[in-house]
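**Q** Please find protein-v8.cif (mmCIF, C-alpha atoms and all ligand atoms) on the next line:
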data_structure
loop_
_atom_site.label_atom_id
_atom_site.label_comp_id
_atom_site.auth_asym_id
_atom_site.auth_seq_id
_atom_site.Cartn_x
_atom_site.Cartn_y
_atom_site.Cartn_z
CA MET A 1 -2.05 -121.20 -10.66
CA VAL A 2 -1.42 -123.12 -7.43
CA ASP A 3 -4.38 -124.78 -5.79
CA HIS A 4 -5.23 -123.73 -2.27
CA PRO A 5 -3.04 -125.89 0.03
CA LEU A 6 -5.45 -125.47 2.97
CA PRO A 7 -9.20 -125.99 3.09
CA VAL A 8 -10.56 -122.56 2.11
CA ALA A 9 -13.23 -122.85 4.78
CA THR A 10 -10.58 -123.01 7.51
CA ALA A 11 -11.63 -120.74 10.31
CA TYR A 12 -11.57 -120.96 14.03
CA GLN A 13 -14.07 -123.49 15.34
CA PRO A 14 -15.07 -122.85 18.96
CA PRO A 15 -14.52 -125.85 21.22
CA SER A 16 -17.66 -127.63 22.30
CA ALA A 17 -18.92 -126.62 25.73
CA LYS A 18 -17.58 -128.73 28.61
CA PRO A 19 -19.87 -129.56 31.56
CA TRP A 20 -17.37 -128.30 34.18
CA ARG A 21 -17.01 -125.04 32.32
CA GLU A 22 -20.79 -124.57 32.23
CA ALA A 23 -21.03 -125.31 35.96
CA LEU A 24 -18.28 -122.82 36.80
CA ALA A 25 -19.55 -120.12 34.44
CA PRO A 26 -21.38 -117.97 37.06
CA ALA A 27 -18.31 -117.90 39.33
CA LEU A 28 -15.95 -117.19 36.42
CA ASP A 29 -18.25 -114.43 35.16
CA PHE A 30 -18.17 -112.86 38.61
CA LEU A 31 -14.40 -113.20 39.05
CA LEU A 32 -13.40 -112.57 35.43
CA PRO A 33 -16.17 -110.57 33.77
CA HIS A 34 -15.96 -109.67 30.09
CA LEU A 35 -14.46 -106.25 29.51
CA CYS A 36 -15.89 -103.57 27.25
CA ALA A 37 -14.26 -103.95 23.84
CA HIS A 38 -13.57 -100.23 23.77
CA CYS A 39 -12.94 -98.76 27.25
CA ARG A 40 -12.11 -102.08 29.03
CA CYS A 41 -14.55 -101.55 31.91
CA PRO A 42 -16.14 -104.79 33.25
CA ILE A 43 -19.48 -105.50 31.61
CA GLY A 44 -20.51 -108.96 32.83
CA ARG A 45 -21.39 -112.22 31.21
CA GLU A 46 -21.59 -111.48 27.49
CA PRO A 47 -18.81 -110.03 25.36
CA GLY A 48 -19.56 -106.59 23.97
CA VAL A 49 -19.30 -102.91 24.75
CA CYS A 50 -20.60 -100.93 27.75
CA ALA A 51 -23.64 -98.70 27.43
CA ALA A 52 -21.53 -95.53 27.16
CA CYS A 53 -19.37 -96.94 24.35
CA TRP A 54 -22.41 -98.42 22.59
CA ALA A 55 -23.88 -94.91 22.47
CA GLN A 56 -20.72 -93.73 20.67
CA LEU A 57 -21.15 -96.27 17.84
CA SER A 58 -22.60 -94.76 14.70
CA PHE A 59 -25.03 -97.18 13.05
CA ILE A 60 -25.76 -96.47 9.40
CA THR A 61 -29.39 -95.83 8.56
CA ALA A 62 -31.31 -94.36 5.60
CA PRO A 63 -31.03 -92.10 3.71
CA GLN A 64 -28.16 -93.75 1.88
CA CYS A 65 -26.89 -94.53 -1.62
CA HIS A 66 -29.19 -97.14 -3.12
CA CYS A 67 -26.20 -99.11 -4.43
CA CYS A 68 -23.19 -98.86 -2.08
CA GLY A 69 -25.05 -97.77 1.06
CA LEU A 70 -23.05 -94.57 1.65
CA PRO A 71 -25.09 -92.56 4.16
CA PHE A 72 -26.48 -89.26 2.86
CA PRO A 73 -26.93 -86.19 5.08
CA TYR A 74 -30.40 -85.65 3.59
CA ASP A 75 -32.96 -87.69 1.65
CA LEU A 76 -32.38 -87.69 -2.12
CA GLY A 77 -35.03 -90.34 -2.84
CA PRO A 78 -35.12 -94.13 -2.58
CA GLU A 79 -33.12 -94.81 -5.78
CA ALA A 80 -30.54 -92.03 -5.31
CA LEU A 81 -26.91 -92.92 -6.03
CA CYS A 82 -23.69 -91.38 -4.71
CA VAL A 83 -21.18 -89.77 -7.06
CA GLU A 84 -18.89 -92.84 -7.01
CA CYS A 85 -21.69 -95.19 -8.01
CA LEU A 86 -22.87 -92.79 -10.73
CA GLU A 87 -19.39 -92.34 -12.20
CA ARG A 88 -18.09 -95.89 -11.74
CA PRO A 89 -20.98 -98.30 -11.17
CA PRO A 90 -19.66 -101.28 -9.20
CA SER A 91 -20.21 -104.85 -10.39
CA PHE A 92 -22.33 -105.67 -7.29
CA THR A 93 -25.88 -104.42 -7.06
CA LEU A 94 -26.22 -103.62 -3.35
CA ALA A 95 -23.82 -103.10 -0.46
CA ARG A 96 -24.71 -102.33 3.13
CA ALA A 97 -22.68 -101.94 6.32
CA ALA A 98 -23.70 -101.80 9.95
CA LEU A 99 -21.40 -99.10 11.28
CA ARG A 100 -19.44 -96.06 10.24
CA TYR A 101 -15.76 -96.96 10.46
CA ASP A 102 -14.85 -94.22 12.93
CA ASP A 103 -12.86 -93.93 16.18
CA ALA A 104 -15.63 -95.65 18.15
CA ALA A 105 -15.86 -98.63 15.75
CA LYS A 106 -12.13 -99.13 15.07
CA PRO A 107 -11.22 -100.88 18.37
CA LEU A 108 -13.99 -103.40 17.76
CA LEU A 109 -13.06 -104.08 14.16
CA LEU A 110 -9.28 -104.11 14.65
CA GLY A 111 -9.50 -106.27 17.79
CA PHE A 112 -11.68 -108.75 15.92
CA LYS A 113 -9.40 -108.84 12.89
CA HIS A 114 -5.93 -108.75 14.41
CA ALA A 115 -6.12 -109.45 18.16
CA ASP A 116 -7.91 -112.80 18.32
CA LYS A 117 -11.10 -111.25 19.75
CA ILE A 118 -13.11 -113.89 17.95
CA HIS A 119 -15.57 -114.14 20.85
CA TRP A 120 -16.95 -110.78 19.62
CA ARG A 121 -18.27 -112.45 16.47
CA GLY A 122 -21.80 -112.95 17.85
CA LEU A 123 -22.13 -109.31 18.89
CA LEU A 124 -20.73 -108.05 15.58
CA THR A 125 -23.01 -110.32 13.56
CA LYS A 126 -26.08 -109.06 15.43
CA MET A 127 -25.07 -105.51 14.55
CA LEU A 128 -25.46 -106.46 10.88
CA LEU A 129 -29.05 -107.60 11.18
CA PRO A 130 -30.82 -104.22 10.69
CA GLN A 131 -29.10 -103.83 7.29
CA ALA A 132 -29.22 -107.49 6.30
CA ALA A 133 -32.82 -108.13 5.17
CA PRO A 134 -32.70 -106.62 1.63
CA ILE A 135 -29.24 -108.10 1.05
CA LEU A 136 -30.15 -111.64 2.08
CA ALA A 137 -33.56 -111.83 0.36
CA GLY A 138 -33.46 -114.63 -2.23
CA ALA A 139 -29.70 -115.24 -1.83
CA ALA A 140 -28.35 -118.72 -2.54
CA GLY A 141 -25.57 -118.35 0.02
CA MET A 142 -22.97 -116.17 1.63
CA ILE A 143 -19.30 -116.09 0.70
CA PRO A 144 -16.68 -114.45 2.92
CA VAL A 145 -13.96 -112.42 1.22
CA PRO A 146 -11.14 -114.99 1.29
CA LEU A 147 -7.68 -114.53 2.76
CA HIS A 148 -4.66 -115.77 0.87
CA TRP A 149 -3.69 -119.16 2.33
CA SER A 150 -0.39 -117.76 3.66
CA ARG A 151 -2.20 -115.00 5.57
CA LEU A 152 -4.76 -117.48 6.87
CA LEU A 153 -1.94 -119.66 8.13
CA ARG A 154 -0.42 -116.73 10.01
CA ARG A 155 -3.64 -115.21 11.37
CA LYS A 156 -5.29 -118.60 12.03
CA TYR A 157 -8.76 -117.39 11.18
CA ASN A 158 -10.59 -115.37 8.56
CA GLN A 159 -12.66 -112.72 10.34
CA ALA A 160 -15.09 -112.46 7.41
CA ALA A 161 -15.64 -116.23 7.50
CA LEU A 162 -16.51 -116.11 11.21
CA ILE A 163 -19.18 -113.48 10.53
CA ALA A 164 -20.50 -115.42 7.53
CA GLN A 165 -20.68 -118.59 9.65
CA GLU A 166 -22.66 -116.81 12.38
CA LEU A 167 -24.98 -115.04 9.97
CA SER A 168 -25.52 -118.21 8.00
CA ALA A 169 -26.79 -119.93 11.15
CA LEU A 170 -29.03 -116.98 12.10
CA ALA A 171 -30.50 -116.50 8.62
CA ALA A 172 -30.56 -120.18 7.58
CA ILE A 173 -28.68 -119.36 4.38
CA PRO A 174 -25.75 -121.58 3.37
CA HIS A 175 -22.18 -120.50 4.09
CA ARG A 176 -20.09 -121.30 0.99
CA PRO A 177 -16.49 -120.14 1.56
CA GLU A 178 -15.14 -122.72 -0.88
CA LEU A 179 -16.68 -120.93 -3.87
CA LEU A 180 -14.14 -118.11 -3.94
CA ARG A 181 -10.40 -118.14 -3.43
CA ARG A 182 -7.68 -115.51 -3.24
CA ASP A 183 -4.95 -116.47 -5.70
CA LYS A 184 -2.68 -113.48 -5.11
CA ARG A 185 -1.25 -112.35 -1.80
CA THR A 186 -2.16 -108.67 -2.12
CA THR A 187 -0.42 -105.81 -0.32
CA PRO A 188 -2.44 -104.42 2.62
CA HIS A 189 -4.50 -101.45 1.38
CA VAL A 190 -3.54 -99.00 4.11
CA ALA A 191 -2.56 -95.64 2.58
CA MET A 192 -3.48 -96.70 -0.97
CA ASN A 193 -5.81 -94.58 -3.05
CA ARG A 194 -8.71 -96.01 -5.04
CA LYS A 195 -6.69 -96.58 -8.24
CA GLN A 196 -3.87 -98.32 -6.36
CA ARG A 197 -6.37 -100.49 -4.47
CA GLN A 198 -8.08 -101.49 -7.73
CA LYS A 199 -4.75 -102.40 -9.33
CA ASN A 200 -3.72 -104.33 -6.21
CA VAL A 201 -6.78 -106.62 -6.29
CA THR A 202 -7.13 -107.02 -10.06
CA GLY A 203 -7.07 -110.75 -10.81
CA ALA A 204 -6.62 -111.58 -7.12
CA PHE A 205 -9.77 -113.72 -6.82
CA SER A 206 -11.23 -116.62 -8.74
CA VAL A 207 -13.92 -119.26 -8.55
CA PRO A 208 -12.44 -122.77 -8.82
CA LYS A 209 -13.60 -124.36 -12.09
CA LYS A 210 -15.31 -127.24 -10.27
CA PHE A 211 -17.69 -124.75 -8.58
CA HIS A 212 -18.76 -122.80 -11.69
CA THR A 213 -21.94 -124.85 -11.99
CA ASP A 214 -22.81 -124.18 -8.32
CA VAL A 215 -22.27 -120.45 -8.71
CA ALA A 216 -24.03 -119.95 -12.05
CA GLY A 217 -27.43 -118.29 -12.23
CA LYS A 218 -27.68 -117.49 -8.52
CA THR A 219 -27.51 -114.47 -6.21
CA TRP A 220 -24.62 -114.50 -3.72
CA VAL A 221 -23.82 -112.34 -0.71
CA LEU A 222 -20.21 -111.36 -0.08
CA ILE A 223 -19.26 -110.81 3.55
CA ASP A 224 -16.37 -108.57 4.62
CA ASP A 225 -15.32 -106.65 7.71
CA VAL A 226 -14.59 -103.15 6.40
CA TYR A 227 -15.68 -101.46 3.15
CA THR A 228 -13.21 -98.72 2.28
CA THR A 229 -13.44 -97.92 -1.44
CA GLY A 230 -15.24 -101.14 -2.40
CA SER A 231 -12.28 -102.30 -4.56
CA THR A 232 -11.87 -105.66 -2.82
CA VAL A 233 -15.54 -106.65 -2.87
CA ASP A 234 -15.81 -105.39 -6.45
CA ALA A 235 -12.92 -107.68 -7.49
CA CYS A 236 -14.59 -110.60 -5.68
CA SER A 237 -17.91 -109.76 -7.30
CA LYS A 238 -16.34 -109.68 -10.79
CA ALA A 239 -14.81 -113.13 -10.25
CA LEU A 240 -18.20 -114.56 -9.23
CA LEU A 241 -20.01 -112.86 -12.14
CA GLU A 242 -17.39 -114.21 -14.56
CA ALA A 243 -18.18 -117.67 -13.20
CA GLY A 244 -21.84 -117.09 -14.11
CA ALA A 245 -23.41 -115.69 -10.91
CA SER A 246 -26.53 -113.67 -11.68
CA GLU A 247 -26.19 -111.04 -8.95
CA ILE A 248 -23.78 -110.14 -6.16
CA ARG A 249 -24.64 -108.21 -2.99
CA VAL A 250 -22.32 -107.17 -0.19
CA LEU A 251 -22.64 -106.99 3.59
CA CYS A 252 -19.87 -105.47 5.73
CA LEU A 253 -19.49 -104.78 9.43
CA ALA A 254 -18.38 -101.20 8.84
CA ARG A 255 -17.61 -98.77 6.07
CA VAL A 256 -15.52 -95.69 5.61
CA CYS A 257 -17.91 -92.79 5.04
CA HIS A 258 -16.99 -89.64 3.19
CA ASP A 259 -19.03 -86.61 2.20
CA ILE A 260 -21.08 -86.96 -0.98
ZN ZN B 1 -22.85 -95.37 -3.82
#
What would the structure in this file look like if it were written as structure tokens?
**A**
Amino acid sequence: MVDHPLPVATAYQPPSAKPWREALAPALDFLLPHLCAHCRCPIGREPGVCAACWAQLSFITAPQCHCCGLPFPYDLGPEALCVECLERPPSFTLARAALRYDDAAKPLLLGFKHADKIHWRGLLTKMLLPQAAPILAGAAGMIPVPLHWSRLLRRKYNQAALIAQELSALAAIPHRPELLRRDKRTTPHVAMNRKQRQKNVTGAFSVPKKFHTDVAGKTWVLIDDVYTTGSTVDACSKALLEAGASEIRVLCLARVCHDI
């Protein structure tokens, strides 16, 4: 197994604010306002979405599967589980996502992941907060789902690490990206079914031996952008549990929702 040739924590670091930039900010905001992430209309000083597009976003709320957070159309009770979690219990105990991954959410998520829209990270992190409390309670730290070093080199940043960094600062919980690494460059999951996704990520993640003592006996929160079948976060969770973690929880920006 080849050691990671880049620091695993590598992620875009925003440049420190310059005085001239601060002084010119009101004029620049007037001349070059931020555009809505979805419809591209001007929205002003902060990056985000306009009121009309915000209203289109579908935030996930209870009732939902107690384990994976899949929203239910009606209340089945506080401990109710979806069919997937009943038939194939995942290795993590709790997973929650802010948004349904639908046509309104896709431009935000895809722009953030593939189009360098890293200035949306603050907005996206704040969207997580309503779902975050039970996931973060008692956690020792948060760990972004790692990219393979070759993908990180090409993309220049790990979108999950940016969210974990922001949330770590807001929640005062350590960000520990070095605890998990992706050893295999997996094929993108688009158009794969659950079985193919599971096979694709089997053995893809590991905890470096030198961090086993850090990981052992603690609860960790995995951070990812989109939860589709849960195969990737489950593979990450298994690697952390094998290294001795006591519990793994998951927080994602959005999730694919299907009927129960
Ligand atoms: Zn479930």
**Q** Which residues are near ligand ZN 1 (chain B) in this structure, taking near to mean any atom at most 7 Å from a ligand atom and counting only C-alpha atoms and all ligand atoms? Format them as a short mmCIF file (atom, residue, chain, number, x, y, z; two decimals) with C-alpha atoms, in the frame of the given file.
**A**
data_model
loop_
_atom_site.label_atom_id
_atom_site.label_comp_id
_atom_site.auth_asym_id
_atom_site.auth_seq_id
_atom_site.Cartn_x
_atom_site.Cartn_y
_atom_site.Cartn_z
CA CYS A 65 -26.89 -94.53 -1.62
CA HIS A 66 -29.19 -97.14 -3.12
CA CYS A 67 -26.20 -99.11 -4.43
CA CYS A 68 -23.19 -98.86 -2.08
CA GLY A 69 -25.05 -97.77 1.06
CA LEU A 70 -23.05 -94.57 1.65
CA LEU A 81 -26.91 -92.92 -6.03
CA CYS A 82 -23.69 -91.38 -4.71
CA VAL A 83 -21.18 -89.77 -7.06
CA GLU A 84 -18.89 -92.84 -7.01
CA CYS A 85 -21.69 -95.19 -8.01
#
**Q** I'd like to know which of A:Leu123, A:His148, A:Thr213, A:Val221 is closest to Arg176 of chain A, using all atoms listed in the file.
**A**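 Among A:Leu123, A:His148, A:Thr213, A:Val221, it is A:Val221 that comes nearest to Arg176 of chain A.
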**Q** Please measure the separation of atom CA of Ala254 of chain A and atom CA of Ile60 of chain A, giving the value in Å to one decimal.
**A**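 Separating atom CA of Ala254 of chain A from atom CA of Ile60 of chain A is a distance of 8.8 Å.
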**Q** Could you check which of A:Ala171, A:Cys39, A:Leu152, A:Ala51 is closest to His114 of chain A, using only C-alpha atoms?
**A**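 The shortest atom-to-atom distance to His114 of chain A comes from A:Leu152.
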**Q** Find the residues near Ile173 of chain A: any atom within 9 Å, counting only C-alpha atoms, skip ones fewer than 5 places away on the same chain, and give them as a list in words.
**A** Leu136, Ala139, Ala140, Gly141, Met142, Leu167 and Ser168 of chain A
**Q** For the selection just defined, write its residues with C-alpha atoms to a file, as a PDB file, in the coordinates of the input.
**A**
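Output contents, as saved in part.pdb:
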ATOM      1  CA  LEU A 136     -30.150-111.640   2.080  1.00  0.00           C
ATOM      2  CA  ALA A 139     -29.700-115.240  -1.830  1.00  0.00           C
ATOM      3  CA  ALA A 140     -28.350-118.720  -2.540  1.00  0.00           C
ATOM      4  CA  GLY A 141     -25.570-118.350   0.020  1.00  0.00           C
ATOM      5  CA  MET A 142     -22.970-116.170   1.630  1.00  0.00           C
ATOM      6  CA  LEU A 167     -24.980-115.040   9.970  1.00  0.00           C
ATOM      7  CA  SER A 168     -25.520-118.210   8.000  1.00  0.00           C
TER       8      SER A 168
END
**Q** So that I can see what lies close to Arg121 of chain A, please list as a PyMOL selection string the residues with an atom at most 12 Å from it, counting only C-alpha atoms and leaving out residues fewer than 3 positions away in the same chain.
**A** chain A and resi 12-14+37+46-48+108-109+111-113+116-118+124-128+157-167+225+253
**Q** Could you tell me which of A:Ile223, A:Ala169, A:Cys53, A:Leu129 comes closest to Ala98 of chain A if we count all atoms listed in the file?
**A**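 When distances to Ala98 of chain A are compared using all atoms listed in the file, the smallest one comes from A:Leu129.
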**Q** Find, counting all atoms listed in the file, the residue in A:Val145, A:Leu76, A:Ala97, A:Val201 that gets nearest to Ser58 of chain A.
**A**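 Closest residue, counting all atoms listed in the file: A:Ala97.
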**Q** I need the residue nearest Arg185 of chain A from this list: A:Thr202, A:Ser246, A:Gln131, A:Ser231. Use only C-alpha atoms for the distance.
**A** A:Thr202
**Q** Between atom CA of Arg181 of chain A and atom CA of Ser206 of chain A, what is the distance in Å, rounded to a tenth?
**A**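 That distance, rounded to one decimal, is 5.6 Å.
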**Q** If I take atom CA of Glu247 of chain A and atom CA of Ala62 of chain A, how far is one from the other in Å, to one decimal?
**A** 22.7 Å
**Q** Determine the nearest neighbour of His119 of chain A from the options A:Leu35, A:Ala137, A:Ala243, A:Cys252, counting all atoms listed in the file.
**A**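 Under the stated criterion, the closest residue is A:Leu35.
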**Q** Kindly extract all protein, DNA and RNA residues lying within 10 Å of the coordinates (-14.6, -96.0, 17.0) given in the file, considering all atoms listed in the file, and supply them as an NGL selection string.
**A** :A and (38 or 53-54 or 56-58 or 99-110)
**Q** Keeping only C-alpha atoms, take the residues you just selected and write them out as an mmCIF file, in the coordinates of the input.
**A**
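This is the output file selection.cif:
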data_model
loop_
_atom_site.group_PDB
_atom_site.id
_atom_site.type_symbol
_atom_site.label_atom_id
_atom_site.label_comp_id
_atom_site.auth_asym_id
_atom_site.auth_seq_id
_atom_site.Cartn_x
_atom_site.Cartn_y
_atom_site.Cartn_z
ATOM 1 C CA HIS A 38 -13.570 -100.230 23.770
ATOM 2 C CA CYS A 53 -19.370 -96.940 24.350
ATOM 3 C CA TRP A 54 -22.410 -98.420 22.590
ATOM 4 C CA GLN A 56 -20.720 -93.730 20.670
ATOM 5 C CA LEU A 57 -21.150 -96.270 17.840
ATOM 6 C CA SER A 58 -22.600 -94.760 14.700
ATOM 7 C CA LEU A 99 -21.400 -99.100 11.280
ATOM 8 C CA ARG A 100 -19.440 -96.060 10.240
ATOM 9 C CA TYR A 101 -15.760 -96.960 10.460
ATOM 10 C CA ASP A 102 -14.850 -94.220 12.930
ATOM 11 C CA ASP A 103 -12.860 -93.930 16.180
ATOM 12 C CA ALA A 104 -15.630 -95.650 18.150
ATOM 13 C CA ALA A 105 -15.860 -98.630 15.750
ATOM 14 C CA LYS A 106 -12.130 -99.130 15.070
ATOM 15 C CA PRO A 107 -11.220 -100.880 18.370
ATOM 16 C CA LEU A 108 -13.990 -103.400 17.760
ATOM 17 C CA LEU A 109 -13.060 -104.080 14.160
ATOM 18 C CA LEU A 110 -9.280 -104.110 14.650
#
**Q** Let me know the centre plus edge lengths, in Å and rounded to one decimal, of a box with edges along x, y and z that contains all listed atoms of segment 116-130 of chain A and is padded by 6 Å on every side, as JSON.
**A**
{"center_x": -19.4, "center_y": -109.2, "center_z": 15.8, "size_x": 34.9, "size_y": 21.9, "size_z": 22.2}
**Q** Complete the atom set of segment 186-216 of chain A to N, CA and C atoms and return it as a short mmCIF file (atom, residue, chain, number, x, y, z; two decimals), in the frame of the given file.
**A**
data_model
loop_
_atom_site.label_atom_id
_atom_site.label_comp_id
_atom_site.auth_asym_id
_atom_site.auth_seq_id
_atom_site.Cartn_x
_atom_site.Cartn_y
_atom_site.Cartn_z
N THR A 186 -2.17 -110.10 -1.81
CA THR A 186 -2.16 -108.67 -2.12
C THR A 186 -1.50 -107.89 -0.98
N THR A 187 -1.02 -106.69 -1.33
CA THR A 187 -0.42 -105.81 -0.32
C THR A 187 -1.54 -105.20 0.50
N PRO A 188 -1.38 -105.09 1.84
CA PRO A 188 -2.44 -104.42 2.62
C PRO A 188 -2.74 -103.03 2.06
N HIS A 189 -4.04 -102.66 2.08
CA HIS A 189 -4.50 -101.45 1.38
C HIS A 189 -4.24 -100.13 2.11
N VAL A 190 -3.72 -100.23 3.33
CA VAL A 190 -3.54 -99.00 4.11
C VAL A 190 -2.74 -97.99 3.29
N ALA A 191 -3.23 -96.76 3.26
CA ALA A 191 -2.56 -95.64 2.58
C ALA A 191 -2.58 -95.73 1.05
N MET A 192 -3.35 -96.66 0.49
CA MET A 192 -3.48 -96.70 -0.97
C MET A 192 -4.71 -95.91 -1.38
N ASN A 193 -4.61 -95.25 -2.55
CA ASN A 193 -5.81 -94.58 -3.05
C ASN A 193 -6.64 -95.58 -3.87
N ARG A 194 -7.78 -95.10 -4.36
CA ARG A 194 -8.71 -96.01 -5.04
C ARG A 194 -8.06 -96.74 -6.21
N LYS A 195 -7.32 -95.97 -7.05
CA LYS A 195 -6.69 -96.58 -8.24
C LYS A 195 -5.69 -97.67 -7.84
N GLN A 196 -4.88 -97.35 -6.81
CA GLN A 196 -3.87 -98.32 -6.36
C GLN A 196 -4.54 -99.57 -5.79
N ARG A 197 -5.64 -99.36 -5.06
CA ARG A 197 -6.37 -100.49 -4.47
C ARG A 197 -6.94 -101.38 -5.58
N GLN A 198 -7.51 -100.71 -6.63
CA GLN A 198 -8.08 -101.49 -7.73
C GLN A 198 -7.01 -102.33 -8.41
N LYS A 199 -5.85 -101.70 -8.66
CA LYS A 199 -4.75 -102.40 -9.33
C LYS A 199 -4.28 -103.58 -8.46
N ASN A 200 -4.22 -103.33 -7.17
CA ASN A 200 -3.72 -104.33 -6.21
C ASN A 200 -4.58 -105.61 -6.21
N VAL A 201 -5.89 -105.45 -6.38
CA VAL A 201 -6.78 -106.62 -6.29
C VAL A 201 -7.20 -107.18 -7.65
N THR A 202 -6.75 -106.52 -8.74
CA THR A 202 -7.13 -107.02 -10.06
C THR A 202 -6.59 -108.44 -10.25
N GLY A 203 -7.47 -109.35 -10.58
CA GLY A 203 -7.07 -110.75 -10.81
C GLY A 203 -6.71 -111.50 -9.55
N ALA A 204 -7.03 -110.93 -8.38
CA ALA A 204 -6.62 -111.58 -7.12
C ALA A 204 -7.56 -112.72 -6.72
N PHE A 205 -8.78 -112.74 -7.27
CA PHE A 205 -9.77 -113.72 -6.82
C PHE A 205 -10.25 -114.57 -7.99
N SER A 206 -10.64 -115.78 -7.69
CA SER A 206 -11.23 -116.62 -8.74
C SER A 206 -12.17 -117.65 -8.12
N VAL A 207 -13.04 -118.17 -8.96
CA VAL A 207 -13.92 -119.26 -8.55
C VAL A 207 -13.31 -120.54 -9.11
N PRO A 208 -12.98 -121.52 -8.27
CA PRO A 208 -12.44 -122.77 -8.82
C PRO A 208 -13.39 -123.37 -9.86
N LYS A 209 -12.81 -123.85 -10.95
CA LYS A 209 -13.60 -124.36 -12.09
C LYS A 209 -14.69 -125.34 -11.65
N LYS A 210 -14.35 -126.19 -10.67
CA LYS A 210 -15.31 -127.24 -10.27
C LYS A 210 -16.56 -126.65 -9.61
N PHE A 211 -16.52 -125.35 -9.23
CA PHE A 211 -17.69 -124.75 -8.58
C PHE A 211 -18.48 -123.83 -9.52
N HIS A 212 -18.05 -123.71 -10.78
CA HIS A 212 -18.76 -122.80 -11.69
C HIS A 212 -20.24 -123.16 -11.80
N THR A 213 -20.53 -124.44 -11.85
CA THR A 213 -21.94 -124.85 -11.99
C THR A 213 -22.73 -124.45 -10.75
N ASP A 214 -22.12 -124.57 -9.57
CA ASP A 214 -22.81 -124.18 -8.32
C ASP A 214 -23.13 -122.69 -8.31
N VAL A 215 -22.16 -121.91 -8.79
CA VAL A 215 -22.27 -120.45 -8.71
C VAL A 215 -23.26 -119.90 -9.74
N ALA A 216 -23.30 -120.50 -10.92
CA ALA A 216 -24.03 -119.95 -12.05
C ALA A 216 -25.51 -119.75 -11.79
#
